[in-house]
Amino acid sequence: MSDPIIHMERIEKHFGNIIALAGVSFDVIAGECHCLLGDNGAGKSTFIKTMSGVLKPTKGDIMVDGRKVTFDSPRDAMEAGIATVFQDLAMIPLMSVTRNFFMGREPTRGIWPVRQFDVETAKRVTMDEMRKMGINLRGPDQAVGTLSGGERQTVAIARAVYFGAKVLILDEPTSALGVRQTANVLSTIDKVRKQGVGVVFISHNVRHAMAVGDRFTVLNRGRTLGTAKRGEITSEELQNLMAGGQELAALEGSLGGTV
Amino acid sequence: MTATSADIDERVKSESLMVRLMKRPELGAIAGLIVVVIFFIFTARGNMFTLSGAINILTPAAQLGILAIGASMLMIGGEFDLSIGAMMAFAGMIFGACVVTLGLPLILAIPLTLICAAIIGLINGQIVIQTGLPSFIVTLALLFILEGASLVGLKALTGGSTQLRGVRDATQEDWLAPFFSGDAFGGLFRWLAENGLVDTFNNGAPKVPGIPIEIVWAVGLTLVATFVLMRTQTGNWIFASGGDRKAAENSGVPVRSVKTGLFMFAACCAALVAVITVLDLGSTDPKRGFQKEFHAIIAAVIGGCLLTGGYGSAIGAFVGSVIFGMASIGLTFTKIDGDWFKVFLGGMLLLAVLFNNAVRKRVTGER
């Protein structure tokens, strides 16, 4: 196993007297899909927010490529190669796919005052990147609003990868999707993983996680219940863990004693 | 859709040129213009559709157009400015004070007026952005503040009267004046008249001495604004800021600067119209620009701008202004009583809003 791109060590996050995270450790290596599972309120969102720079951990270390870092803003995390696709996707339905794809990072050519948004390059890149992800747009000017939920998710993922994400955090990308669209998003995750990007897939759906995950970490009440590799755990066992660890004792062996 | 599907998705019907044109935001306005022109072709008498008739329509349309371009850019950026009408009166007062009271040359007076307008735009923008209040209410407050300030200021400047005169005398000799008043391309029109290409008076002078300068400004600003919107990074930021502020911010768009800049631009457009009209009439008064903010917003909406931001065009706003100008002037060429104008205007606005709403649903795929 290669060294992790990002390593989160005993992360704690307190909101006043509420302990949202009580020492969560987590890492992602290149080219894997590491699923972060947990029921609602388990602390998944808080945890990925510390990972993506939205929140600062109360305690604990974040290491990127073996070096300790602090993220003061999402921008810092993005510059370190940690990109997050949140549920709202940061997409604007009225704007074209191309304009959304390059929003905030438009390619330009020429010098001021005639410096232009390089529309031709932007359109070409967008069409190419979307085709790589298996989506054939009607045209680069197609409005994002006309895409399906799964396609929008894919645009957001393709955008993050194109702009150099080493770690891609996906916040419940399949939670609002139908069966087919979910399959599309999962296959997109697989494509991204094969490009060497480390994917963090947050979900509370065990079946979706099992479909693409290489490793599985279960969060419950602000703690990790352990990390298991693919093949070491069944979906029933994961389900039980998420549900509150009723059958925890029986699972200890399969979780490699990390509990 | 599967990864193996061919380059063309069989579920998507290919779009004709017509359908693609239908998706341009200014299309509604152009269709509206055609309808209005047809209406007046059948009802107007005399010389409405001659060159001088067209200039008659286009001159007020262009003044409104300059305002509407500022308003439409701001609307695309997701904000409103109800104070641009009052801004005209205020900028007119500043400009009048500069040239008449202080005796400054235009090279100083015009930049000073624009800077004052920009500062007020900055204040508008900062209040809206810092407080998160709707721009509607903030700029409504500024509307009254500016209107009142213009009245107070003009009374102080003129010693009790509200009209500040003498602008023409003060600026007649100024080398910069031809860029902001009178007609452009006078030589061209004289040449056309000599060659019998345009109508002339008996003495051989052309009936239309040139293109009024505001038309040149309006067309120029439309082109610049369209270039910025369609072909620059700033343009993408404007659409993004108006489309979804949070999404734009998360993507690294400097939404605050974009919106503040647009407030300043809208205010400067109002100040430019003020300069042109004050030079044209030779005087300024506190009622200048009264209700113009509404006219500008109406023109922008007829031109395809959505009230919710993120969609619209500068060309559309200009065409909207032409419709506005044509309707207001055109009725005098018909047997229809001019009092019907506002009924017509309201109807046009309602139609435009309904049309825009349908377009928005179409673009966003909402059902």
# chains A, B, ... in the order shown; residues from 1 in each chain; ligands from 1

$ interface_residues --of "chain A" --to "chain B" --cutoff "6 Å" --atoms "only C-alpha atoms" --output "count of residues only"
11

$ residues_around --residues "region 150-162 of chain B" --least-positions-apart "3" --cutoff "10 Å" --atoms "only C-alpha atoms" --output "list in words"
Ala86, Met87, Met88, Ala89, Phe90, Ala91, Gly92, Met93, Ile94, Gly96, Ala97, Val100, Thr101, Phe144, Ile145, Leu146, Glu147, Arg165, Thr284, Asp285, Pro286, Lys287 and Arg288 of chain B

$ atom_distance --atom1 "CA of Phe80 (chain B)" --atom2 "CA of Ile302 (chain B)"
15.4 Å

$ residues_around --residues "Ser2 (chain A)" --least-positions-apart "5" --cutoff "10 Å" --atoms "only C-alpha atoms" --output "number ranges by chain"
A: 28-31

$ atom_distance --atom1 "CA of Met51 (chain A)" --atom2 "CA of Gly178 (chain A)"
28.2 Å

$ select_by_dssp --residues "region 32-258 of chain A" --states "strand (DSSP E)" --output "CSV table (one decimal) with C-alpha atoms, in the first residue's frame"
chain,number,residue,atom,x,y,z
A,33,CYS,CA,-12.3,4.8,-3.2
A,34,HIS,CA,-12.5,5.1,0.5
A,35,CYS,CA,-16.1,5.1,1.7
A,36,LEU,CA,-17.1,7.0,4.8
A,37,LEU,CA,-20.3,5.5,6.1
A,38,GLY,CA,-22.6,6.5,8.9
A,59,LYS,CA,-7.7,19.0,18.0
A,60,GLY,CA,-5.9,16.6,15.7
A,61,ASP,CA,-3.6,16.8,12.7
A,62,ILE,CA,-4.1,16.9,9.0
A,63,MET,CA,-1.2,15.6,6.9
A,64,VAL,CA,-1.0,16.0,3.1
A,67,ARG,CA,3.5,17.1,5.8
A,68,LYS,CA,1.4,18.7,8.5
A,69,VAL,CA,-0.9,21.4,7.1
A,82,ILE,CA,-8.4,18.4,-1.9
A,83,ALA,CA,-11.6,19.1,-3.8
A,84,THR,CA,-15.1,18.7,-2.5
A,85,VAL,CA,-18.3,18.2,-4.4
A,108,THR,CA,-8.1,33.8,-21.0
A,109,ARG,CA,-6.1,35.0,-23.9
A,116,GLN,CA,-10.9,37.5,-23.5
A,117,PHE,CA,-12.5,34.6,-22.0
A,167,VAL,CA,-8.4,13.8,-3.4
A,168,LEU,CA,-12.0,14.2,-4.3
A,169,ILE,CA,-14.6,14.3,-1.5
A,170,LEU,CA,-18.1,13.4,-2.7
A,171,ASP,CA,-20.8,14.3,-0.2
A,198,GLY,CA,-8.2,9.3,-4.2
A,199,VAL,CA,-11.9,9.4,-3.7
A,200,VAL,CA,-13.7,9.9,-0.4
A,201,PHE,CA,-17.3,8.7,-0.9
A,202,ILE,CA,-19.7,9.7,1.8
A,203,SER,CA,-22.9,7.8,1.9
A,215,ARG,CA,-12.0,0.5,2.0
A,216,PHE,CA,-14.9,1.3,4.3
A,217,THR,CA,-14.8,3.4,7.5
A,218,VAL,CA,-17.9,3.6,9.6
A,219,LEU,CA,-18.6,6.6,11.8
A,220,ASN,CA,-21.0,6.5,14.7
A,223,ARG,CA,-16.1,8.1,16.5
A,224,THR,CA,-14.8,5.6,14.0
A,225,LEU,CA,-16.0,2.1,14.4
A,226,GLY,CA,-13.0,0.9,12.3
A,227,THR,CA,-11.8,0.6,8.8
A,228,ALA,CA,-12.3,-2.5,6.7
A,229,LYS,CA,-10.9,-3.5,3.3

$ residues_around --residues "Met48 (chain B)" --least-positions-apart "6" --cutoff "12 Å" --atoms "only C-alpha atoms" --output "JSON, numbers by chain"
{"B": [37, 40, 41, 42, 54, 55, 56, 57, 58, 326, 327, 329, 330, 331, 332, 333, 334]}

$ write_last_selection --atoms "N, CA and C atoms" --output "CSV table (one decimal), in the first residue's frame"
chain,number,residue,atom,x,y,z
B,37,VAL,N,-43.2,47.6,-34.6
B,37,VAL,CA,-43.0,48.2,-35.9
B,37,VAL,C,-44.2,48.0,-36.9
B,40,PHE,N,-47.2,50.1,-36.0
B,40,PHE,CA,-47.1,51.5,-36.4
B,40,PHE,C,-47.1,51.6,-37.9
B,41,ILE,N,-46.6,50.6,-38.6
B,41,ILE,CA,-46.7,50.7,-40.1
B,41,ILE,C,-48.2,50.9,-40.5
B,42,PHE,N,-49.0,50.2,-39.8
B,42,PHE,CA,-50.4,50.2,-40.1
B,42,PHE,C,-51.2,51.4,-39.5
B,54,ALA,N,-37.0,58.3,-37.5
B,54,ALA,CA,-36.2,57.4,-36.8
B,54,ALA,C,-35.3,58.0,-35.7
B,55,ILE,N,-34.7,59.2,-36.2
B,55,ILE,CA,-33.8,59.9,-35.2
B,55,ILE,C,-34.7,60.4,-34.0
B,56,ASN,N,-35.9,60.9,-34.4
B,56,ASN,CA,-36.8,61.3,-33.3
B,56,ASN,C,-37.1,60.3,-32.3
B,57,ILE,N,-37.2,59.1,-32.8
B,57,ILE,CA,-37.5,57.9,-31.8
B,57,ILE,C,-36.3,57.5,-31.1
B,58,LEU,N,-35.2,57.5,-31.9
B,58,LEU,CA,-33.9,56.9,-31.3
B,58,LEU,C,-33.3,57.8,-30.3
B,326,MET,N,-40.1,54.0,-29.3
B,326,MET,CA,-41.0,53.9,-30.4
B,326,MET,C,-42.5,54.0,-30.0
B,327,ALA,N,-42.8,53.4,-28.9
B,327,ALA,CA,-44.2,53.4,-28.4
B,327,ALA,C,-44.5,54.8,-27.9
B,329,ILE,N,-43.1,57.8,-28.6
B,329,ILE,CA,-43.1,58.8,-29.7
B,329,ILE,C,-44.1,58.5,-30.8
B,330,GLY,N,-44.2,57.2,-31.0
B,330,GLY,CA,-45.0,56.7,-32.2
B,330,GLY,C,-46.5,57.0,-32.0
B,331,LEU,N,-47.0,57.0,-30.8
B,331,LEU,CA,-48.4,57.3,-30.6
B,331,LEU,C,-48.8,58.7,-31.1
B,332,THR,N,-47.8,59.6,-31.1
B,332,THR,CA,-48.2,60.9,-31.6
B,332,THR,C,-48.3,60.9,-33.1
B,333,PHE,N,-47.8,59.9,-33.8
B,333,PHE,CA,-48.0,59.8,-35.2
B,333,PHE,C,-49.3,59.1,-35.6
B,334,THR,N,-50.0,58.6,-34.6
B,334,THR,CA,-51.3,57.9,-34.9
B,334,THR,C,-52.5,58.7,-34.4

$ select_by_dssp --residues "region 132-163 of chain B" --states "alpha helix (DSSP H)" --output "VMD selection string"
chain B and resid 135 to 158

$ write_last_selection --atoms "N, CA and C atoms" --output "mmCIF file, in the first residue's frame"
data_model
loop_
_atom_site.group_PDB
_atom_site.id
_atom_site.type_symbol
_atom_site.label_atom_id
_atom_site.label_comp_id
_atom_site.auth_asym_id
_atom_site.auth_seq_id
_atom_site.Cartn_x
_atom_site.Cartn_y
_atom_site.Cartn_z
ATOM 1 N N SER B 135 -31.508 44.631 -2.417
ATOM 2 C CA SER B 135 -31.088 45.890 -3.028
ATOM 3 C C SER B 135 -32.280 46.788 -3.305
ATOM 4 N N PHE B 136 -33.449 46.164 -3.476
ATOM 5 C CA PHE B 136 -34.680 46.908 -3.725
ATOM 6 C C PHE B 136 -34.891 47.988 -2.658
ATOM 7 N N ILE B 137 -34.781 47.594 -1.401
ATOM 8 C CA ILE B 137 -35.124 48.534 -0.326
ATOM 9 C C ILE B 137 -33.982 49.520 -0.081
ATOM 10 N N VAL B 138 -32.757 49.048 -0.201
ATOM 11 C CA VAL B 138 -31.601 49.930 0.022
ATOM 12 C C VAL B 138 -31.576 51.040 -1.026
ATOM 13 N N THR B 139 -31.774 50.657 -2.289
ATOM 14 C CA THR B 139 -31.685 51.668 -3.334
ATOM 15 C C THR B 139 -32.935 52.544 -3.379
ATOM 16 N N LEU B 140 -34.052 52.014 -2.839
ATOM 17 C CA LEU B 140 -35.245 52.863 -2.720
ATOM 18 C C LEU B 140 -34.947 54.010 -1.760
ATOM 19 N N ALA B 141 -34.254 53.701 -0.675
ATOM 20 C CA ALA B 141 -33.850 54.737 0.274
ATOM 21 C C ALA B 141 -32.940 55.744 -0.416
ATOM 22 N N LEU B 142 -31.976 55.244 -1.193
ATOM 23 C CA LEU B 142 -31.064 56.136 -1.911
ATOM 24 C C LEU B 142 -31.811 56.999 -2.920
ATOM 25 N N LEU B 143 -32.878 56.436 -3.512
ATOM 26 C CA LEU B 143 -33.682 57.210 -4.460
ATOM 27 C C LEU B 143 -34.139 58.509 -3.799
ATOM 28 N N PHE B 144 -34.722 58.376 -2.586
ATOM 29 C CA PHE B 144 -35.256 59.568 -1.922
ATOM 30 C C PHE B 144 -34.136 60.473 -1.429
ATOM 31 N N ILE B 145 -33.065 59.845 -0.938
ATOM 32 C CA ILE B 145 -31.942 60.655 -0.460
ATOM 33 C C ILE B 145 -31.380 61.507 -1.601
ATOM 34 N N LEU B 146 -31.171 60.890 -2.748
ATOM 35 C CA LEU B 146 -30.576 61.617 -3.876
ATOM 36 C C LEU B 146 -31.533 62.664 -4.423
ATOM 37 N N GLU B 147 -32.823 62.286 -4.486
ATOM 38 C CA GLU B 147 -33.810 63.236 -5.000
ATOM 39 C C GLU B 147 -33.853 64.467 -4.108
ATOM 40 N N GLY B 148 -33.906 64.217 -2.782
ATOM 41 C CA GLY B 148 -33.930 65.332 -1.835
ATOM 42 C C GLY B 148 -32.650 66.140 -1.890
ATOM 43 N N ALA B 149 -31.531 65.461 -1.948
ATOM 44 C CA ALA B 149 -30.243 66.149 -1.970
ATOM 45 C C ALA B 149 -30.118 67.024 -3.215
ATOM 46 N N SER B 150 -30.659 66.545 -4.339
ATOM 47 C CA SER B 150 -30.595 67.347 -5.565
ATOM 48 C C SER B 150 -31.398 68.629 -5.409
ATOM 49 N N LEU B 151 -32.573 68.491 -4.782
ATOM 50 C CA LEU B 151 -33.428 69.661 -4.579
ATOM 51 C C LEU B 151 -32.737 70.677 -3.668
ATOM 52 N N VAL B 152 -32.240 70.179 -2.533
ATOM 53 C CA VAL B 152 -31.553 71.054 -1.582
ATOM 54 C C VAL B 152 -30.333 71.697 -2.234
ATOM 55 N N GLY B 153 -29.555 70.860 -2.902
ATOM 56 C CA GLY B 153 -28.318 71.336 -3.523
ATOM 57 C C GLY B 153 -28.573 72.386 -4.576
ATOM 58 N N LEU B 154 -29.580 72.143 -5.424
ATOM 59 C CA LEU B 154 -29.847 73.099 -6.501
ATOM 60 C C LEU B 154 -30.371 74.414 -5.944
ATOM 61 N N LYS B 155 -31.188 74.333 -4.893
ATOM 62 C CA LYS B 155 -31.675 75.582 -4.285
ATOM 63 C C LYS B 155 -30.510 76.371 -3.718
ATOM 64 N N ALA B 156 -29.580 75.664 -3.085
ATOM 65 C CA ALA B 156 -28.422 76.341 -2.516
ATOM 66 C C ALA B 156 -27.563 76.967 -3.607
ATOM 67 N N LEU B 157 -27.407 76.237 -4.702
ATOM 68 C CA LEU B 157 -26.542 76.724 -5.786
ATOM 69 C C LEU B 157 -27.149 77.910 -6.514
ATOM 70 N N THR B 158 -28.497 77.908 -6.646
ATOM 71 C CA THR B 158 -29.140 78.929 -7.461
ATOM 72 C C THR B 158 -29.765 80.021 -6.610
#

$ atom_distance --atom1 "CA of Ile19 (chain A)" --atom2 "CA of Glu236 (chain A)"
28.6 Å

$ residues_around --residues "Ala296 (chain B)" --least-positions-apart "6" --cutoff "10 Å" --atoms "only C-alpha atoms" --output "list in words"
Gln63, Leu64, Gly65, Ile66, Leu67, Ala68, Ile69, Gly70, Ala71, Ser72, Asp81, Leu82, Ile84, Gly85, Ile302, Ala317, Phe318, Gly320, Ser321 and Phe324 of chain B

$ closest_residue --among "B:Leu102, B:Gly28, B:Trp175, B:Val198" --to "Met348 (chain B)" --atoms "only C-alpha atoms"
B:Gly28

$ residues_around --residues "Ser175 (chain A)" --least-positions-apart "6" --cutoff "12 Å" --atoms "only C-alpha atoms" --output "list in words"
Phe86, Gln87, Asp88, Gly149, Gly150, Gln153, Gln181, Thr182, Val185, Leu186, Phe201, Ile202, Ser203, His204, Asn205, Val206, Arg207, His208 and Ala209 of chain A

$ residues_around --residues "Ala205 (chain B)" --least-positions-apart "6" --cutoff "10 Å" --atoms "only C-alpha atoms" --output "ChimeraX atom specification"
/B:189-194,198-199

$ closest_residue --among "A:Leu241, A:Met8, A:Val114, A:Ile157" --to "Val224 (chain B)" --atoms "only C-alpha atoms"
A:Val114

$ decode --residues "region 42-94 of chain A" --atoms "C-alpha atoms" --output "mmCIF file, in the first residue's frame"
data_model
loop_
_atom_site.group_PDB
_atom_site.id
_atom_site.type_symbol
_atom_site.label_atom_id
_atom_site.label_comp_id
_atom_site.auth_asym_id
_atom_site.auth_seq_id
_atom_site.Cartn_x
_atom_site.Cartn_y
_atom_site.Cartn_z
ATOM 1 C CA ALA A 42 -22.838 10.383 12.924
ATOM 2 C CA GLY A 43 -20.522 13.269 12.138
ATOM 3 C CA LYS A 44 -19.860 12.580 8.454
ATOM 4 C CA SER A 45 -20.598 16.129 7.358
ATOM 5 C CA THR A 46 -18.578 17.709 10.151
ATOM 6 C CA PHE A 47 -15.674 15.432 9.349
ATOM 7 C CA ILE A 48 -15.541 16.188 5.644
ATOM 8 C CA LYS A 49 -15.906 19.868 6.378
ATOM 9 C CA THR A 50 -12.697 19.732 8.418
ATOM 10 C CA MET A 51 -11.099 17.839 5.551
ATOM 11 C CA SER A 52 -12.169 20.381 2.947
ATOM 12 C CA GLY A 53 -11.186 23.434 4.984
ATOM 13 C CA VAL A 54 -14.685 24.655 5.791
ATOM 14 C CA LEU A 55 -14.225 23.941 9.513
ATOM 15 C CA LYS A 56 -11.053 23.943 11.579
ATOM 16 C CA PRO A 57 -10.585 20.924 13.822
ATOM 17 C CA THR A 58 -10.474 21.590 17.552
ATOM 18 C CA LYS A 59 -7.733 18.975 17.953
ATOM 19 C CA GLY A 60 -5.862 16.621 15.688
ATOM 20 C CA ASP A 61 -3.559 16.833 12.702
ATOM 21 C CA ILE A 62 -4.078 16.921 8.983
ATOM 22 C CA MET A 63 -1.184 15.623 6.903
ATOM 23 C CA VAL A 64 -0.961 16.040 3.147
ATOM 24 C CA ASP A 65 1.794 14.009 1.469
ATOM 25 C CA GLY A 66 3.292 13.446 4.895
ATOM 26 C CA ARG A 67 3.484 17.135 5.814
ATOM 27 C CA LYS A 68 1.367 18.683 8.512
ATOM 28 C CA VAL A 69 -0.945 21.377 7.147
ATOM 29 C CA THR A 70 -3.694 23.666 8.368
ATOM 30 C CA PHE A 71 -6.541 24.725 6.142
ATOM 31 C CA ASP A 72 -7.862 28.194 6.857
ATOM 32 C CA SER A 73 -10.372 28.132 4.027
ATOM 33 C CA PRO A 74 -11.736 25.811 1.345
ATOM 34 C CA ARG A 75 -9.356 27.588 -1.014
ATOM 35 C CA ASP A 76 -6.348 26.334 0.976
ATOM 36 C CA ALA A 77 -7.654 22.803 0.763
ATOM 37 C CA MET A 78 -8.262 23.159 -2.959
ATOM 38 C CA GLU A 79 -4.734 24.394 -3.476
ATOM 39 C CA ALA A 80 -3.464 21.336 -1.629
ATOM 40 C CA GLY A 81 -5.440 19.218 -4.119
ATOM 41 C CA ILE A 82 -8.396 18.432 -1.878
ATOM 42 C CA ALA A 83 -11.580 19.127 -3.823
ATOM 43 C CA THR A 84 -15.061 18.692 -2.456
ATOM 44 C CA VAL A 85 -18.261 18.196 -4.388
ATOM 45 C CA PHE A 86 -20.959 19.242 -1.954
ATOM 46 C CA GLN A 87 -24.571 18.287 -2.347
ATOM 47 C CA ASP A 88 -25.519 21.670 -3.785
ATOM 48 C CA LEU A 89 -22.767 21.097 -6.395
ATOM 49 C CA ALA A 90 -21.892 24.781 -6.868
ATOM 50 C CA MET A 91 -23.613 24.751 -10.255
ATOM 51 C CA ILE A 92 -25.763 27.442 -11.775
ATOM 52 C CA PRO A 93 -28.718 26.016 -13.717
ATOM 53 C CA LEU A 94 -29.174 29.046 -15.978
#
